[in-house]
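So this block is entry.cif, mmCIF, C-alpha atoms:
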```cif
data_upload
#
loop_
_atom_site.label_atom_id
_atom_site.label_comp_id
_atom_site.auth_asym_id
_atom_site.auth_seq_id
_atom_site.Cartn_x
_atom_site.Cartn_y
_atom_site.Cartn_z
CA MET Q 14 -15.98 7.38 23.25
CA LYS Q 15 -16.32 10.86 21.76
CA ILE Q 16 -13.13 11.77 19.90
CA PRO Q 17 -12.67 15.30 18.52
CA THR Q 18 -12.66 15.30 14.73
CA PRO Q 19 -10.88 14.90 12.43
CA TYR Q 20 -9.43 11.46 13.07
CA TYR Q 21 -8.62 8.23 11.28
CA LEU Q 22 -10.37 5.21 12.79
CA ILE Q 23 -8.93 1.77 12.04
CA ASP Q 24 -11.24 -1.15 12.77
CA GLU Q 25 -9.36 -4.33 13.66
CA LYS Q 26 -12.37 -6.56 12.95
CA ARG Q 27 -12.50 -5.27 9.38
CA LEU Q 28 -8.75 -5.60 9.12
CA LEU Q 29 -8.96 -9.18 10.36
CA ARG Q 30 -11.31 -10.06 7.52
CA ASN Q 31 -8.55 -9.22 4.99
CA LEU Q 32 -5.85 -10.90 7.04
CA LYS Q 33 -7.76 -14.17 7.14
CA ILE Q 34 -7.94 -14.19 3.35
CA ILE Q 35 -4.18 -13.57 3.21
CA GLN Q 36 -3.72 -16.49 5.59
CA GLN Q 37 -5.89 -18.66 3.33
CA VAL Q 38 -3.69 -17.83 0.33
CA ARG Q 39 -0.56 -18.58 2.32
CA GLU Q 40 -1.92 -21.98 3.28
CA LEU Q 41 -3.38 -22.98 -0.08
CA ALA Q 42 -0.57 -21.64 -2.28
CA GLY Q 43 2.43 -22.03 -0.01
CA ALA Q 44 3.13 -18.36 -0.75
CA LYS Q 45 4.49 -15.84 1.71
CA ALA Q 46 3.01 -12.37 2.21
CA VAL Q 47 4.97 -9.28 3.20
CA LEU Q 48 3.17 -6.01 3.96
CA ALA Q 49 3.92 -3.15 1.57
CA LEU Q 50 4.73 -0.31 3.95
CA LYS Q 51 4.47 2.32 1.21
CA CYS Q 52 0.70 1.81 1.43
CA PHE Q 53 0.24 1.40 5.16
CA SER Q 54 2.75 1.89 7.98
CA THR Q 55 0.52 2.45 11.00
CA TRP Q 56 2.40 0.17 13.33
CA SER Q 57 -0.14 0.30 16.15
CA VAL Q 58 -1.95 -2.63 14.47
CA PHE Q 59 1.17 -4.61 13.54
CA GLU Q 60 0.71 -6.97 16.50
CA LEU Q 61 -2.44 -8.25 14.83
CA MET Q 62 -1.10 -8.16 11.28
CA LYS Q 63 2.08 -10.09 11.95
CA GLN Q 64 0.04 -13.09 13.11
CA TYR Q 65 -1.16 -13.48 9.51
CA MET Q 66 1.79 -12.19 7.45
CA ASP Q 67 5.45 -13.06 7.01
CA GLY Q 68 7.08 -9.65 7.27
CA THR Q 69 7.34 -6.34 5.45
CA THR Q 70 8.70 -4.86 2.27
CA SER Q 71 9.80 -1.28 1.81
CA SER Q 72 10.63 1.47 -0.64
CA SER Q 73 13.22 3.30 1.46
CA LEU Q 74 15.67 2.92 4.31
CA PHE Q 75 13.24 4.39 6.86
CA GLU Q 76 10.42 2.06 5.84
CA ALA Q 77 12.76 -0.93 5.98
CA ARG Q 78 13.91 0.07 9.46
CA LEU Q 79 10.32 0.56 10.61
CA GLY Q 80 9.40 -2.90 9.37
CA PHE Q 81 12.36 -4.45 11.14
CA GLU Q 82 11.76 -2.66 14.44
CA LYS Q 83 7.95 -2.64 14.62
CA PHE Q 84 6.85 -5.71 12.65
CA GLY Q 85 9.78 -8.08 12.84
CA LYS Q 86 9.85 -11.35 10.92
CA GLU Q 87 11.21 -11.01 7.36
CA THR Q 88 12.45 -7.59 6.29
CA HIS Q 89 12.69 -6.98 2.55
CA ALA Q 90 14.45 -3.79 1.51
CA TYR Q 91 13.81 -2.31 -1.93
CA CYS Q 92 14.50 1.20 -3.15
CA VAL Q 93 14.49 2.77 -6.60
CA GLY Q 94 17.83 4.39 -5.80
CA TYR Q 95 19.99 3.62 -2.77
CA SER Q 96 22.64 6.01 -1.54
CA PRO Q 97 25.89 4.60 -0.07
CA GLU Q 98 24.64 5.55 3.39
CA ASP Q 99 21.35 3.69 2.77
CA ILE Q 100 23.12 0.47 1.85
CA LEU Q 101 25.45 0.56 4.82
CA ALA Q 102 22.47 1.02 7.13
CA VAL Q 103 20.10 -1.48 5.55
CA THR Q 104 22.62 -4.32 5.51
CA LYS Q 105 22.47 -4.35 9.31
CA PHE Q 106 18.91 -5.69 9.42
CA ALA Q 107 17.46 -6.62 6.00
CA ASP Q 108 16.98 -10.28 5.09
CA LYS Q 109 16.63 -9.45 1.41
CA ILE Q 110 17.98 -6.42 -0.43
CA ILE Q 111 16.41 -5.82 -3.83
CA PHE Q 112 18.01 -3.49 -6.35
CA ASN Q 113 16.18 -1.60 -9.07
CA SER Q 114 19.00 -1.69 -11.62
CA VAL Q 115 22.10 -3.60 -12.57
CA SER Q 116 24.20 -0.49 -12.02
CA GLN Q 117 23.08 -0.31 -8.37
CA LEU Q 118 23.76 -4.02 -7.95
CA ASP Q 119 27.26 -3.52 -9.37
CA ARG Q 120 27.95 -0.51 -7.18
CA TYR Q 121 26.88 -2.07 -3.90
CA TYR Q 122 27.32 -5.81 -4.37
CA ASP Q 123 30.40 -6.15 -2.18
CA ILE Q 124 28.70 -4.22 0.64
CA ALA Q 125 25.35 -6.00 0.43
CA LYS Q 126 26.30 -9.56 -0.53
CA SER Q 127 25.89 -10.87 3.02
CA ALA Q 128 22.13 -10.55 2.48
CA LYS Q 129 20.02 -12.39 -0.08
CA LEU Q 130 20.02 -10.14 -3.12
CA GLY Q 131 17.36 -9.58 -5.72
CA LEU Q 132 16.74 -7.50 -8.82
CA ARG Q 133 13.51 -5.87 -9.88
CA VAL Q 134 12.48 -6.97 -13.37
CA ASN Q 135 10.34 -4.92 -15.74
CA PRO Q 136 8.51 -7.57 -17.80
CA GLY Q 137 6.96 -4.99 -20.12
CA ILE Q 138 3.41 -5.96 -19.08
CA SER Q 139 1.20 -4.41 -16.46
CA TYR Q 140 -2.32 -3.85 -15.19
CA SER Q 141 -3.17 -0.33 -14.12
CA HIS Q 142 -6.06 2.06 -14.57
CA PHE Q 143 -3.67 5.02 -14.34
CA ASP Q 144 -0.56 5.86 -16.36
CA LEU Q 145 0.83 7.54 -13.23
CA ALA Q 146 0.88 4.16 -11.45
CA ASP Q 147 1.82 1.97 -14.42
CA PRO Q 148 5.24 0.33 -13.79
CA ALA Q 149 5.53 -0.59 -17.47
CA ARG Q 150 4.71 2.88 -18.81
CA LYS Q 151 6.87 4.26 -21.62
CA HIS Q 152 10.41 5.06 -20.46
CA SER Q 153 9.73 3.50 -17.05
CA ARG Q 154 12.72 3.58 -14.72
CA LEU Q 155 11.31 0.74 -12.62
CA GLY Q 156 13.18 -2.52 -13.04
CA VAL Q 157 15.54 -4.18 -15.50
CA VAL Q 158 14.24 -4.61 -19.04
CA ASP Q 159 17.23 -6.29 -20.76
CA LYS Q 160 16.92 -10.08 -20.38
CA ASP Q 161 20.50 -10.71 -21.48
CA GLU Q 162 21.75 -8.36 -18.78
CA LEU Q 163 19.57 -10.11 -16.23
CA ALA Q 164 20.97 -13.50 -17.17
CA LYS Q 165 24.52 -12.27 -16.55
CA GLN Q 166 23.59 -11.38 -12.95
CA ILE Q 167 21.96 -14.65 -11.90
CA HIS Q 168 25.05 -15.93 -10.08
CA ARG Q 169 24.82 -12.91 -7.74
CA LEU Q 170 21.13 -13.22 -6.99
CA SER Q 171 18.72 -15.31 -4.97
CA GLY Q 172 15.51 -13.83 -6.39
CA PHE Q 173 13.55 -11.56 -8.71
CA LEU Q 174 10.91 -8.94 -7.93
CA PHE Q 175 8.13 -8.44 -10.49
CA HIS Q 176 5.83 -5.58 -9.52
CA TYR Q 177 3.57 -4.84 -12.44
CA ASN Q 178 0.01 -4.57 -11.12
CA CYS Q 179 -2.17 -1.84 -9.64
CA GLU Q 180 -5.64 -2.74 -8.31
CA ASN Q 181 -5.83 -5.88 -10.47
CA ASP Q 182 -9.00 -7.69 -9.43
CA ASP Q 183 -9.16 -9.95 -12.51
CA VAL Q 184 -7.81 -13.43 -11.74
CA ASP Q 185 -7.82 -14.50 -15.40
CA THR Q 186 -5.65 -11.54 -16.36
CA PHE Q 187 -3.30 -12.40 -13.50
CA CYS Q 188 -3.01 -16.00 -14.69
CA GLN Q 189 -2.25 -14.84 -18.23
CA GLN Q 190 0.45 -12.53 -16.87
CA LEU Q 191 1.97 -15.38 -14.89
CA ASP Q 192 2.10 -17.51 -18.04
CA ILE Q 193 4.02 -14.74 -19.80
CA ILE Q 194 6.50 -14.43 -16.95
CA GLY Q 195 7.02 -18.18 -16.88
CA ASP Q 196 7.60 -18.31 -20.63
CA CYS Q 197 9.98 -15.34 -20.67
CA TYR Q 198 11.94 -15.86 -17.46
CA GLY Q 199 11.43 -19.52 -16.56
CA ASP Q 200 15.01 -20.61 -17.28
CA MET Q 201 16.33 -17.94 -14.92
CA LEU Q 202 13.68 -18.56 -12.26
CA LYS Q 203 14.77 -22.19 -12.02
CA ARG Q 204 18.20 -20.97 -10.89
CA LEU Q 205 16.76 -18.74 -8.15
CA GLN Q 206 15.36 -19.39 -4.67
CA TRP Q 207 12.43 -16.96 -4.61
CA VAL Q 208 10.31 -14.66 -6.70
CA SER Q 209 8.14 -11.79 -5.53
CA LEU Q 210 5.09 -11.03 -7.64
CA GLY Q 211 4.71 -7.65 -5.97
CA GLY Q 212 1.51 -5.96 -4.90
CA GLY Q 213 -1.47 -4.46 -6.65
CA LEU Q 214 -3.40 -7.76 -6.63
CA TYR Q 215 -6.87 -7.20 -5.18
CA PHE Q 216 -7.43 -10.75 -3.99
CA THR Q 217 -9.29 -9.68 -0.84
CA LYS Q 218 -12.09 -8.13 -2.90
CA GLU Q 219 -15.55 -9.48 -2.13
CA GLY Q 220 -16.23 -12.45 -4.41
CA TYR Q 221 -12.66 -12.86 -5.64
CA PRO Q 222 -11.88 -16.53 -6.54
CA VAL Q 223 -9.24 -17.07 -3.87
CA GLU Q 224 -8.92 -20.80 -4.46
CA LYS Q 225 -8.26 -20.39 -8.19
CA PHE Q 226 -5.73 -17.66 -7.47
CA SER Q 227 -3.98 -19.81 -4.87
CA GLN Q 228 -3.91 -22.87 -7.11
CA ARG Q 229 -2.21 -20.92 -9.89
CA LEU Q 230 0.39 -19.57 -7.47
CA ALA Q 231 1.10 -23.08 -6.19
CA GLU Q 232 1.50 -24.40 -9.75
CA PHE Q 233 3.92 -21.60 -10.59
CA ALA Q 234 5.98 -22.27 -7.47
CA ARG Q 235 6.21 -25.99 -8.24
CA GLU Q 236 7.04 -25.49 -11.90
CA PHE Q 237 10.03 -23.28 -11.19
CA ASP Q 238 10.90 -24.56 -7.72
CA VAL Q 239 10.78 -21.09 -6.14
CA GLN Q 240 9.30 -19.60 -3.02
CA VAL Q 241 6.59 -17.18 -4.12
CA TYR Q 242 6.13 -13.90 -2.26
CA LEU Q 243 3.20 -11.49 -2.49
CA GLU Q 244 3.43 -7.87 -1.33
CA PRO Q 245 -0.12 -6.89 -0.36
CA GLY Q 246 -0.67 -3.27 0.56
CA GLU Q 247 -4.24 -2.23 -0.12
CA SER Q 248 -5.36 -5.87 -0.18
CA ALA Q 249 -4.26 -6.11 3.44
CA ILE Q 250 -6.04 -3.00 4.69
CA THR Q 251 -8.80 -2.14 2.23
CA GLY Q 252 -12.09 -1.23 3.87
CA CYS Q 253 -10.69 -1.23 7.39
CA ALA Q 254 -10.55 2.49 8.20
CA GLU Q 255 -12.50 5.74 8.05
CA LEU Q 256 -11.59 9.41 8.10
CA VAL Q 257 -14.11 10.88 10.53
CA THR Q 258 -14.89 14.57 10.03
CA SER Q 259 -17.38 17.22 11.11
CA VAL Q 260 -19.13 19.90 9.07
CA VAL Q 261 -17.78 23.33 9.98
CA ASP Q 262 -19.69 25.41 7.42
CA LEU Q 263 -22.50 25.22 4.88
CA VAL Q 264 -22.50 27.48 1.81
CA HIS Q 265 -24.43 27.60 -1.45
CA ASN Q 266 -23.22 28.21 -4.99
CA ASP Q 267 -25.75 26.63 -7.37
CA MET Q 268 -25.43 23.59 -5.07
CA ASP Q 269 -25.28 23.12 -1.33
CA ILE Q 270 -21.69 22.74 -0.18
CA ALA Q 271 -20.62 21.27 3.15
CA ILE Q 272 -17.13 22.14 4.35
CA VAL Q 273 -15.56 19.66 6.77
CA ASP Q 274 -12.66 19.98 9.20
CA ALA Q 275 -10.30 17.88 7.05
CA SER Q 276 -8.68 18.20 3.65
CA VAL Q 277 -8.34 16.01 0.59
CA GLU Q 278 -4.86 17.40 -0.12
CA GLY Q 279 -3.71 17.00 3.46
CA HIS Q 280 -5.43 13.80 4.55
CA MET Q 281 -6.56 11.72 1.53
CA LEU Q 282 -4.08 12.92 -1.06
CA ASP Q 283 -4.47 10.03 -3.52
CA LEU Q 284 -8.02 11.17 -4.25
CA LEU Q 285 -6.60 14.43 -5.55
CA ILE Q 286 -3.70 12.81 -7.42
CA TYR Q 287 -5.92 10.34 -9.24
CA ARG Q 288 -8.99 12.60 -9.43
CA LEU Q 289 -11.21 10.20 -7.54
CA SER Q 290 -14.18 10.77 -5.29
CA ALA Q 291 -14.12 9.73 -1.67
CA LYS Q 292 -16.46 6.97 -0.53
CA ILE Q 293 -19.21 7.36 2.03
CA ASP Q 294 -21.27 4.38 3.16
CA SER Q 295 -24.84 5.03 1.92
CA GLY Q 296 -23.63 8.31 0.43
CA ASP Q 297 -25.92 8.02 -2.60
CA ALA Q 298 -29.16 6.91 -0.96
CA GLY Q 299 -30.70 10.15 0.32
CA LYS Q 300 -32.52 13.05 -1.31
CA HIS Q 301 -30.33 15.85 0.11
CA LYS Q 302 -27.48 16.58 -2.30
CA TYR Q 303 -24.22 18.19 -1.21
CA ILE Q 304 -20.74 18.80 -2.47
CA VAL Q 305 -18.50 17.86 0.45
CA ALA Q 306 -15.28 19.85 0.45
CA GLY Q 307 -12.20 20.28 2.58
CA ARG Q 308 -11.23 23.43 4.43
CA SER Q 309 -7.89 24.14 2.78
CA CYS Q 310 -7.55 27.11 0.45
CA LEU Q 311 -7.08 24.84 -2.59
CA ALA Q 312 -10.06 25.41 -4.90
CA GLY Q 313 -10.19 21.75 -5.87
CA ASP Q 314 -10.13 20.43 -2.30
CA VAL Q 315 -13.33 18.43 -2.83
CA PHE Q 316 -14.16 14.99 -1.45
CA GLY Q 317 -17.05 14.49 -3.87
CA ASN Q 318 -20.79 14.82 -4.46
CA PHE Q 319 -23.03 12.86 -2.12
CA GLN Q 320 -26.69 12.41 -1.21
CA PHE Q 321 -27.64 12.23 2.44
CA GLU Q 322 -30.81 10.98 4.07
CA ASN Q 323 -30.95 14.02 6.38
CA LYS Q 324 -30.01 17.64 5.88
CA LEU Q 325 -26.53 18.44 7.10
CA GLU Q 326 -25.95 20.91 9.91
CA ILE Q 327 -22.91 22.51 11.48
CA GLY Q 328 -21.38 19.72 13.53
CA SER Q 329 -22.83 16.88 11.44
CA GLU Q 330 -20.43 13.95 11.26
CA ILE Q 331 -19.26 12.66 7.87
CA ARG Q 332 -17.23 9.47 7.68
CA PHE Q 333 -15.14 8.81 4.58
CA ALA Q 334 -14.71 5.10 4.01
CA ASP Q 335 -11.66 3.12 2.88
CA ALA Q 336 -9.27 5.62 4.41
CA ALA Q 337 -6.32 3.40 5.35
CA GLY Q 338 -4.27 2.89 2.19
CA TYR Q 339 -2.04 5.73 0.99
CA THR Q 340 -3.58 8.16 3.48
CA MET Q 341 -1.72 8.14 6.79
CA VAL Q 342 1.57 7.55 4.95
CA LYS Q 343 0.89 10.67 2.84
CA LYS Q 344 -0.75 13.02 5.34
CA ASN Q 345 0.86 16.44 5.34
CA TRP Q 346 0.69 19.85 6.96
CA PHE Q 347 -0.63 21.80 3.95
CA ASN Q 348 -2.20 25.06 5.15
CA GLY Q 349 -1.12 24.12 8.68
CA LEU Q 350 -4.43 22.35 9.13
CA GLN Q 351 -5.03 20.26 12.23
CA MET Q 352 -3.69 16.77 11.59
CA PRO Q 353 -6.25 13.98 12.17
CA ALA Q 354 -5.62 11.86 15.23
CA ILE Q 355 -5.18 8.10 14.75
CA ALA Q 356 -7.52 5.79 16.65
CA VAL Q 357 -8.02 2.02 16.61
CA ARG Q 358 -11.14 0.05 17.39
CA ARG Q 359 -9.67 -3.13 18.85
CA LEU Q 360 -11.09 -6.62 18.38
CA ASP Q 361 -12.89 -6.38 21.71
CA GLY Q 362 -14.73 -3.24 20.56
CA SER Q 363 -12.78 -0.76 22.70
CA ILE Q 364 -11.42 2.34 20.99
CA GLU Q 365 -7.89 3.45 21.67
CA VAL Q 366 -6.59 6.86 20.59
CA ILE Q 367 -3.07 6.05 19.47
CA ARG Q 368 -1.79 9.46 18.53
CA LYS Q 369 -2.85 13.08 18.62
CA PHE Q 370 -0.99 15.79 16.74
CA SER Q 371 -0.32 19.26 18.06
CA TYR Q 372 1.05 22.62 17.04
CA THR Q 373 4.45 21.38 18.24
CA ASP Q 374 4.29 18.57 15.69
CA PHE Q 375 3.55 21.16 13.03
CA THR Q 376 6.47 23.39 13.97
CA ASN Q 377 8.82 20.42 14.30
CA SER Q 378 8.00 19.39 10.74
CA LEU Q 379 9.45 22.69 9.54
CA SER Q 380 12.61 24.65 10.30
#
```
Target format structure tokens, applied to this file:
Amino acid sequence: MKIPTPYYLIDEKRLLRNLKIIQQVRELAGAKAVLALKCFSTWSVFELMKQYMDGTTSSSLFEARLGFEKFGKETHAYCVGYSPEDILAVTKFADKIIFNSVSQLDRYYDIAKSAKLGLRVNPGISYSHFDLADPARKHSRLGVVDKDELAKQIHRLSGFLFHYNCENDDVDTFCQQLDIIGDCYGDMLKRLQWVSLGGGLYFTKEGYPVEKFSQRLAEFAREFDVQVYLEPGESAITGCAELVTSVVDLVHNDMDIAIVDASVEGHMLDLLIYRLSAKIDSGDAGKHKYIVAGRSCLAGDVFGNFQFENKLEIGSEIRFADAAGYTMVKKNWFNGLQMPAIAVRRLDGSIEVIRKFSYTDFTNSLS
């Protein structure tokens, strides 16, 4: 099937590879896994994902509602700051409501107490390559720091959320972190029903010691008699999608530059935020060097420097790999550029175009 570029292409076979690892962890560790919608909310593949996961977790009312309506199963609702309207709405469908602060718990306890309530804890430790994404950064607003204050709230709670990792692919570091949490919060954990260890754990990475990871989770659950939850986002969808683009112009300024019909700022925004290069399969193997750039007016709209086996021409196709996480949830209408369609290659190999975006979508996003 020839689909006009640009478009995101999700491959269910690649997705299934991650989901089977999640299933393995669930079985070996007795842990539950809820999809972090802040990373990936493309519900056209939820029918497959929910066969291998226990539900969803959210960062806002709309995400929580999406998880409830499109994924089903468990619906965990977390938000850094709920409004009164948010709480009234989310209590109608959330299984667990997790507050970011004691003040929010105090304010909304009487409204929300019909659900299982949790508090986010800031343990003061973290694993992140970027200060921007570090939950334990100086003056962090994310989670409760005061242990004495936490202890006073235990009678109101059924669980804790610890989210303190970002792209942590080191199982030994994770085990050390878990030891610290057990030492610092073990007495409180024994009085709770569940604990979420958040996301940011790259346990679907090639070669990751899944059995060691699962064994440590199982030990932790037994020691404190709690149900352990994981909140995989990128671990669930890493490597399963591409942003497919076409070259619309070739220019030269000391180097050859290929301009494609997509934009880093509009369609892979995290690359710009974290100053990362896009990935292209075999994008460093050829002898023809190009800067590949987007077509927005932003001077720094650059996907990266790559080497191609063949010279690029107008119309040449360039596929940016690993384009599922934090892409479709962040796509925007900067410059009014054409929004990439969303397509899915199903398990049987057929390709289904799920959504195309039009000028009407653009105008409706404005006022």
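Of the residues listed (Q:Thr251, Q:Thr217, Q:Ser329, Q:Ser295), Q:Ser329 shows the shortest atom-to-atom separation from Thr18 in chain Q; distances use all atoms listed in the file.
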In Å and to one decimal, CA of Tyr122 in chain Q is distant from CA of Ala102 in chain Q by 14.2 Å
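Picked by the PyMOL selection byres ((chain Q and resi 264-274) around 7) from the coordinates shown: Pro19, Thr258, Ser259, Val260, Val261, Asp262, Leu263, Ala275, Lys302, Tyr303, Ile304, Val305, Ala306, Gly307 and Arg308 of chain Q.
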Using only C-alpha atoms, can you tell me which of Q:Glu224, Q:Glu76, Q:Asp192, Q:Asp182 comes closest to Cys52 in chain Q? Q:Glu76
CA of Glu25 in chain Q to CA of Ser71 in chain Q measures 22.7 Å
Carefully work through the PyMOL selection byres ((chain Q and resi 209) around 10) for this structure and note down the residues it includes, as a ChimeraX atom specification. /Q:44-47,131,133,172-176,207-208,210-212,239-244
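Shell of Ala90 in chain Q at 10 Å, with all atoms listed in the file counted and residues fewer than 3 places along the chain excluded, is Thr69, Thr70, Ser71, Ser72, Ser73, Leu74, Phe75, Glu76, Ala77, Arg78, Gly80, Phe81, Glu87, Ile100, Val103, Thr104, Phe106, Ala107, Asp108, Lys109, Ile110, Ile111, Phe112, Leu130 and Gly131 of chain Q.
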Kindly resolve the PyMOL selection byres ((chain Q and resi 335-351) around 9) on the present coordinates and return the residues as a PyMOL selection string. chain Q and resi 19+21-23+50-55+246-247+250-256+274-276+278-283+291-293+308-310+333-334+352-355+370-372+375+378
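Distance check against Glu60 in chain Q using only C-alpha atoms: of Q:Glu236, Q:Gly156, Q:Lys83, Q:Ala356, the minimum falls on Q:Lys83.
CA of Lys129 in chain Q is positioned 17.0 Å from CA of Gly85 in chain Q.
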Selecting C-alpha atoms, how would range 134-161 of chain Q from this structure be written as a compact mmCIF listing (two decimals), in the first residue's frame?
```txt
# COMPACT_ATOMS: atom_id res chain seq x y z
CA VAL Q 134 6.49 9.71 47.13
CA ASN Q 135 9.72 11.50 46.24
CA PRO Q 136 12.44 9.20 47.64
CA GLY Q 137 15.22 11.66 46.83
CA ILE Q 138 16.91 9.19 44.46
CA SER Q 139 16.58 8.89 40.72
CA TYR Q 140 18.11 7.70 37.46
CA SER Q 141 17.97 10.11 34.57
CA HIS Q 142 20.34 11.31 31.88
CA PHE Q 143 18.56 14.68 31.79
CA ASP Q 144 17.88 17.19 34.56
CA LEU Q 145 14.69 18.14 32.70
CA ALA Q 146 13.32 14.63 33.29
CA ASP Q 147 14.77 14.02 36.76
CA PRO Q 148 11.93 13.61 39.30
CA ALA Q 149 14.37 14.11 42.18
CA ARG Q 150 15.95 17.29 40.80
CA LYS Q 151 16.51 20.19 43.20
CA HIS Q 152 13.23 21.80 44.31
CA SER Q 153 11.22 19.07 42.56
CA ARG Q 154 7.46 19.45 42.97
CA LEU Q 155 6.88 15.77 42.19
CA GLY Q 156 5.84 13.73 45.20
CA VAL Q 157 5.96 13.94 48.98
CA VAL Q 158 9.41 14.26 50.54
CA ASP Q 159 8.55 14.43 54.27
CA LYS Q 160 8.43 10.88 55.69
CA ASP Q 161 6.74 11.98 58.91
```
